[in-house]
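For reference, start.cif is printed below; it contains mmCIF, C-alpha atoms and all ligand atoms.
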```cif
data_final
#
loop_
_atom_site.label_atom_id
_atom_site.label_comp_id
_atom_site.auth_asym_id
_atom_site.auth_seq_id
_atom_site.Cartn_x
_atom_site.Cartn_y
_atom_site.Cartn_z
CA MET D 1 -3.46 -17.33 -7.26
CA GLY D 2 -5.48 -15.18 -9.64
CA LEU D 3 -6.39 -12.26 -7.44
CA SER D 4 -3.98 -9.44 -6.78
CA PHE D 5 -4.18 -7.72 -3.43
CA SER D 6 -5.80 -4.67 -5.00
CA GLU D 7 -8.56 -6.76 -6.54
CA GLN D 8 -9.19 -8.39 -3.19
CA ARG D 9 -9.29 -4.98 -1.62
CA ASP D 10 -11.94 -3.76 -4.01
CA SER D 11 -14.22 -6.72 -3.53
CA HIS D 12 -13.76 -6.44 0.22
CA THR D 13 -14.60 -2.76 0.44
CA THR D 14 -17.74 -3.08 -1.65
CA SER D 15 -19.04 -6.14 0.17
CA VAL D 16 -18.22 -5.46 3.80
CA VAL D 17 -17.40 -1.89 4.66
CA SER D 18 -19.94 0.81 4.09
CA GLY D 19 -18.89 3.44 6.63
CA ALA D 20 -16.14 5.64 5.22
CA THR D 21 -14.43 5.92 8.58
CA ASN D 22 -13.90 2.18 9.11
CA LEU D 23 -10.19 2.62 8.62
CA VAL D 24 -7.18 2.30 10.88
CA ILE D 25 -3.71 3.46 9.84
CA LEU D 26 -0.56 1.94 11.33
CA ASP D 27 3.09 2.81 11.39
CA ARG D 28 5.22 -0.27 10.63
CA ASP D 29 8.55 -0.48 12.47
CA GLY D 30 8.11 -0.55 16.24
CA VAL D 31 4.35 -1.05 15.92
CA ILE D 32 3.91 -4.16 13.77
CA ASN D 33 7.47 -5.49 13.80
CA ARG D 34 10.62 -5.08 15.85
CA ASP D 35 12.50 -1.91 15.05
CA SER D 36 16.26 -1.64 14.75
CA ASP D 37 18.57 1.36 14.63
CA ALA D 38 20.40 -0.56 11.90
CA TYR D 39 17.19 -0.58 9.78
CA ILE D 40 15.09 -3.57 8.80
CA ARG D 41 16.72 -4.61 5.54
CA SER D 42 15.32 -8.02 4.65
CA VAL D 43 12.45 -10.44 5.13
CA ALA D 44 14.66 -12.31 7.64
CA GLU D 45 14.88 -9.14 9.75
CA PHE D 46 11.15 -8.53 9.58
CA GLN D 47 10.05 -9.92 12.95
CA PRO D 48 6.46 -9.26 14.06
CA LEU D 49 5.96 -8.04 17.62
CA PRO D 50 3.91 -10.37 19.85
CA GLY D 51 0.20 -10.09 19.07
CA SER D 52 0.55 -7.55 16.26
CA ILE D 53 -0.50 -9.80 13.38
CA GLU D 54 -3.46 -11.04 15.40
CA ALA D 55 -4.45 -7.44 16.14
CA ILE D 56 -4.46 -6.55 12.44
CA ALA D 57 -6.50 -9.65 11.70
CA ARG D 58 -8.99 -8.63 14.39
CA LEU D 59 -9.49 -5.27 12.70
CA LYS D 60 -9.96 -6.92 9.32
CA ARG D 61 -12.50 -9.39 10.65
CA ALA D 62 -14.39 -6.51 12.27
CA GLY D 63 -14.77 -4.92 8.82
CA TYR D 64 -12.05 -2.30 9.09
CA ARG D 65 -9.71 -1.39 6.32
CA VAL D 66 -6.10 -1.29 7.47
CA ALA D 67 -3.40 0.86 5.88
CA VAL D 68 0.28 1.18 6.76
CA ALA D 69 2.31 4.39 6.42
CA THR D 70 6.03 3.91 6.95
CA ASN D 71 9.21 5.97 6.63
CA GLN D 72 11.85 3.84 4.90
CA SER D 73 14.83 6.11 4.41
CA GLY D 74 17.02 3.00 4.21
CA VAL D 75 15.94 2.87 0.56
CA GLY D 76 17.21 6.39 -0.14
CA ARG D 77 20.39 5.65 1.81
CA GLY D 78 21.01 2.59 -0.37
CA TYR D 79 20.82 0.06 2.50
CA PHE D 80 18.13 -1.97 0.72
CA ASP D 81 16.00 -1.51 -2.35
CA SER D 82 12.28 -1.24 -3.00
CA LYS D 83 12.22 -4.88 -4.10
CA ALA D 84 13.47 -5.98 -0.67
CA LEU D 85 10.89 -3.72 0.95
CA GLU D 86 8.10 -5.17 -1.15
CA ALA D 87 9.23 -8.67 -0.19
CA MET D 88 8.86 -7.69 3.48
CA HIS D 89 5.38 -6.38 2.82
CA ALA D 90 4.44 -9.52 0.92
CA ARG D 91 5.58 -11.48 3.98
CA LEU D 92 3.51 -9.24 6.26
CA ASN D 93 0.45 -9.80 4.10
CA GLU D 94 1.08 -13.53 4.07
CA LEU D 95 1.05 -13.54 7.87
CA VAL D 96 -2.10 -11.42 8.09
CA SER D 97 -3.91 -13.39 5.40
CA ALA D 98 -3.08 -16.65 7.14
CA GLN D 99 -5.15 -15.41 10.10
CA CYS D 100 -8.10 -13.69 8.45
CA GLN D 101 -7.97 -14.53 4.72
CA MET D 102 -7.58 -10.83 3.93
CA PRO D 103 -4.46 -8.77 3.31
CA ILE D 104 -3.68 -5.26 4.55
CA ASP D 105 -5.52 -2.88 2.23
CA LEU D 106 -2.71 -0.50 1.43
CA ILE D 107 0.94 -0.05 2.39
CA VAL D 108 2.60 3.25 1.48
CA TYR D 109 6.17 4.21 2.26
CA CYS D 110 8.52 7.15 1.98
CA PRO D 111 11.86 6.06 0.49
CA HIS D 112 13.52 9.45 0.97
CA ARG D 113 16.24 10.67 3.29
CA PRO D 114 15.58 13.62 5.64
CA GLU D 115 17.88 15.80 3.54
CA ASP D 116 15.71 15.16 0.47
CA HIS D 117 13.04 17.38 2.06
CA CYS D 118 10.20 15.43 0.47
CA ASP D 119 6.58 15.95 1.42
CA CYS D 120 5.96 12.35 2.49
CA ARG D 121 8.49 11.58 5.23
CA LYS D 122 6.58 11.76 8.51
CA PRO D 123 5.97 14.20 10.22
CA GLU D 124 5.11 15.49 6.75
CA PRO D 125 1.56 14.47 5.86
CA GLY D 126 2.15 13.10 2.34
CA LEU D 127 1.79 9.40 3.14
CA LEU D 128 -1.46 9.94 4.99
CA LEU D 129 -2.83 12.08 2.18
CA ARG D 130 -1.94 9.31 -0.26
CA ILE D 131 -3.90 6.82 1.79
CA GLU D 132 -6.84 9.19 1.78
CA ALA D 133 -6.65 9.53 -2.01
CA GLU D 134 -6.04 5.88 -2.83
CA LEU D 135 -8.71 4.53 -0.49
CA LYS D 136 -11.08 7.32 -1.52
CA THR D 137 -12.07 8.13 2.02
CA SER D 138 -11.66 10.90 4.54
CA ILE D 139 -9.05 10.27 7.19
CA ALA D 140 -10.53 12.83 9.55
CA ASN D 141 -10.52 11.25 13.04
CA VAL D 142 -9.17 7.99 11.68
CA PRO D 143 -6.89 6.33 14.27
CA PHE D 144 -3.21 6.42 13.35
CA ILE D 145 -1.20 4.19 15.64
CA GLY D 146 2.51 4.94 15.86
CA ASP D 147 5.53 4.64 18.15
CA SER D 148 7.21 7.99 17.47
CA ILE D 149 6.45 11.66 17.93
CA ARG D 150 6.71 12.02 14.13
CA ASP D 151 3.80 9.64 13.65
CA LEU D 152 1.66 11.60 16.07
CA GLN D 153 2.57 14.90 14.42
CA ALA D 154 1.73 13.59 10.94
CA ALA D 155 -1.64 12.42 12.23
CA ARG D 156 -2.35 15.78 13.82
CA ARG D 157 -1.52 17.65 10.64
CA VAL D 158 -4.22 15.87 8.64
CA GLY D 159 -6.87 15.69 11.35
CA ALA D 160 -6.41 11.99 11.99
CA ARG D 161 -6.49 10.65 15.56
CA PRO D 162 -2.98 9.95 16.88
CA ILE D 163 -2.44 6.99 19.20
CA LEU D 164 0.91 6.04 20.75
CA VAL D 165 2.07 2.52 21.58
CA ARG D 166 4.92 1.79 23.98
CA THR D 167 6.60 -0.75 21.71
CA GLY D 168 9.53 0.26 19.49
CA LYS D 169 10.49 3.85 20.24
CA GLY D 170 7.21 4.38 22.08
CA ARG D 171 8.51 4.54 25.64
CA ALA D 172 10.96 7.26 24.67
CA ALA D 173 8.24 9.09 22.75
CA GLU D 174 5.96 8.92 25.77
CA THR D 175 8.42 11.06 27.74
CA GLN D 176 8.34 13.70 24.97
CA LEU D 177 4.58 14.10 24.68
CA GLU D 178 4.47 17.18 26.86
CA GLN D 179 7.14 19.18 25.04
CA ALA D 180 5.55 18.19 21.72
CA ASN D 181 2.16 19.43 22.93
CA LEU D 182 0.65 16.01 22.53
CA THR D 183 -0.37 15.20 26.09
CA SER D 184 -3.93 14.36 25.03
CA VAL D 185 -2.71 11.46 22.88
CA PRO D 186 -3.82 8.09 24.29
CA VAL D 187 -1.01 5.63 25.03
CA PHE D 188 -1.25 1.82 24.98
CA ASP D 189 1.26 -0.92 25.74
CA ASP D 190 1.14 -2.37 22.24
CA LEU D 191 -0.88 -2.69 19.05
CA ALA D 192 -3.11 -5.38 20.50
CA ALA D 193 -4.13 -3.09 23.37
CA ALA D 194 -4.74 -0.14 21.05
CA VAL D 195 -6.86 -2.25 18.71
CA ALA D 196 -8.85 -3.68 21.61
CA ASP D 197 -9.69 -0.12 22.64
CA ILE D 198 -10.73 0.87 19.10
CA LEU D 199 -12.96 -2.18 18.78
CA SER D 200 -14.58 -1.58 22.17
CA ALA D 201 -15.58 2.00 21.30
MG MG D 301 7.99 3.37 14.02
ZN ZN D 302 9.30 10.98 1.09
#
```

Could you take the file, read its structure, and then write that structure out as structure tokens?
Amino acid sequence: MGLSFSEQRDSHTTSVVSGATNLVILDRDGVINRDSDAYIRSVAEFQPLPGSIEAIARLKRAGYRVAVATNQSGVGRGYFDSKALEAMHARLNELVSAQCQMPIDLIVYCPHRPEDHCDCRKPEPGLLLRIEAELKTSIANVPFIGDSIRDLQAARRVGARPILVRTGKGRAAETQLEQANLTSVPVFDDLAAAVADILSA
């Protein structure tokens, strides 16, 4: 295996994607994989939701770049380390690559606790700005699919297009849209449904 993921990413972006906006950003827990209040601490606990891997592969085959932006305060709390997190993300990429021969383009995470007051823990916009910088593209109007109000707020703050899914914490978040002033956010049952809508546009 000679190619690193970043090398594959570069060759992919130059050969397939020309439009700068062919990007979709995803939250991880509750969107791609089952969430847990006890945190997802290991590869064994990383369980994809039905249809989520296929949905990511659909985006990739359609020429989209896919990035993931995830809060992982379990690192800062000492529940698991960045090595364990990277093993989960390697597993995720293995699953995606098995379906479309391409990995996710970029996965960024915030390891901090809320009390660290960093600028990357969603709803702060730092993770999304990092994606913008690392992928060298504007994320204006780029879909950001999440299952929590925080995800939607982070998207709003950078001019991305927030989309809610009902998996994970999504059903609870759906009841809070009005008080969060987010009633115009589209809501889908799961990632597969949200992706189908993006690809039909
Ligand atoms: Mg989530
Ligand atoms: Zn952070």

Requested in this report: Show which residues sit within 8 Å of D:Ser52, as a count of residues only. Count all atoms listed in the file, and ignore same-chain residues fewer than 2 positions away.
Outcome: 12

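All residues of protein, DNA or RNA that reach within 8 Å of stretch 79-86 of chain D, judged by only C-alpha atoms and not counting those fewer than 4 positions away in the chain, are Arg41, Ser42, Val43, Gly74, Val75 and Ala90 of chain D.
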
**Report entry** Close residues to ligand MG 301 (chain D) using all atoms listed in the file, limit 10 Å, as a list in words
**Finding:**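 Residues satisfying the distance criterion: Leu26, Asp27, Arg28, Asp29, Gly30, Val31, Ile32, Asn33, Arg34, Asp35, Ser36, Ala69, Thr70, Asn71, Gln72, Ile145, Gly146, Asp147, Ser148, Ile149, Arg150, Asp151, Val165, Thr167, Gly168, Lys169 and Gly170 of chain D.
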
Query raised in the report: So how many Å separate atom CA of D:Pro143 and atom CA of D:Gln99, to one decimal?
Result: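 For atom CA of D:Pro143 relative to atom CA of D:Gln99, the distance reads 22.2 Å.
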
Report task. To one decimal in Å, tell me the separation between atom CA of D:Gly159 and atom CA of D:Ala140. Result ->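 Those two atoms sit 5.0 Å apart.
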
Which residues are near ligand ZN 302 (chain D) - at most 7 Å, using all atoms listed in the file? Format: as a short mmCIF file (atom, residue, chain, number, x, y, z; two decimals) with C-alpha atoms, in the coordinates of the input.
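Once written, selection_20.cif looks like this:
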```cif
data_model
loop_
_atom_site.label_atom_id
_atom_site.label_comp_id
_atom_site.auth_asym_id
_atom_site.auth_seq_id
_atom_site.Cartn_x
_atom_site.Cartn_y
_atom_site.Cartn_z
CA CYS D 110 8.52 7.15 1.98
CA PRO D 111 11.86 6.06 0.49
CA HIS D 112 13.52 9.45 0.97
CA CYS D 118 10.20 15.43 0.47
CA ASP D 119 6.58 15.95 1.42
CA CYS D 120 5.96 12.35 2.49
CA ARG D 121 8.49 11.58 5.23
#
```

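The list of residues with at least one atom within 10 Å of D:Ala155, based on all atoms listed in the file and without residues fewer than 6 positions apart in the same chain, reads Ile25, Lys122, Pro123, Glu124, Pro125, Leu128, Ile139, Ala140, Asn141, Val142, Pro143, Phe144, Ile145, Gly146, Ile149, Arg161, Pro162 and Ile163 of chain D.
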
Query raised in the report: When distances are computed from only C-alpha atoms, which of D:Leu177, D:Ala172, D:Met88, D:Leu59 shows the smallest separation from D:Asp197?
Result: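 Nearest candidate to D:Asp197 out of D:Leu177, D:Ala172, D:Met88, D:Leu59: D:Leu59.
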
**Report entry** Atom-to-atom span, atom CA of D:Arg77 and atom CA of D:Thr175, Å
**Finding:** 29.1 Å

**Report entry** Neighbour residues at most 10 Å from (-13.2, -8.1, 9.5) (all atoms listed in the file) as a list in words
**Finding:** His12, Val16, Val17, Ile56, Ala57, Arg58, Leu59, Lys60, Arg61, Ala62, Gly63, Tyr64, Arg65, Cys100, Gln101 and Met102 of chain D

Report summary line: In terms of only C-alpha atoms, the residue from D:Leu95, D:Val187, D:Ile104, D:Ala193 at minimal distance from D:Ile53 is D:Leu95
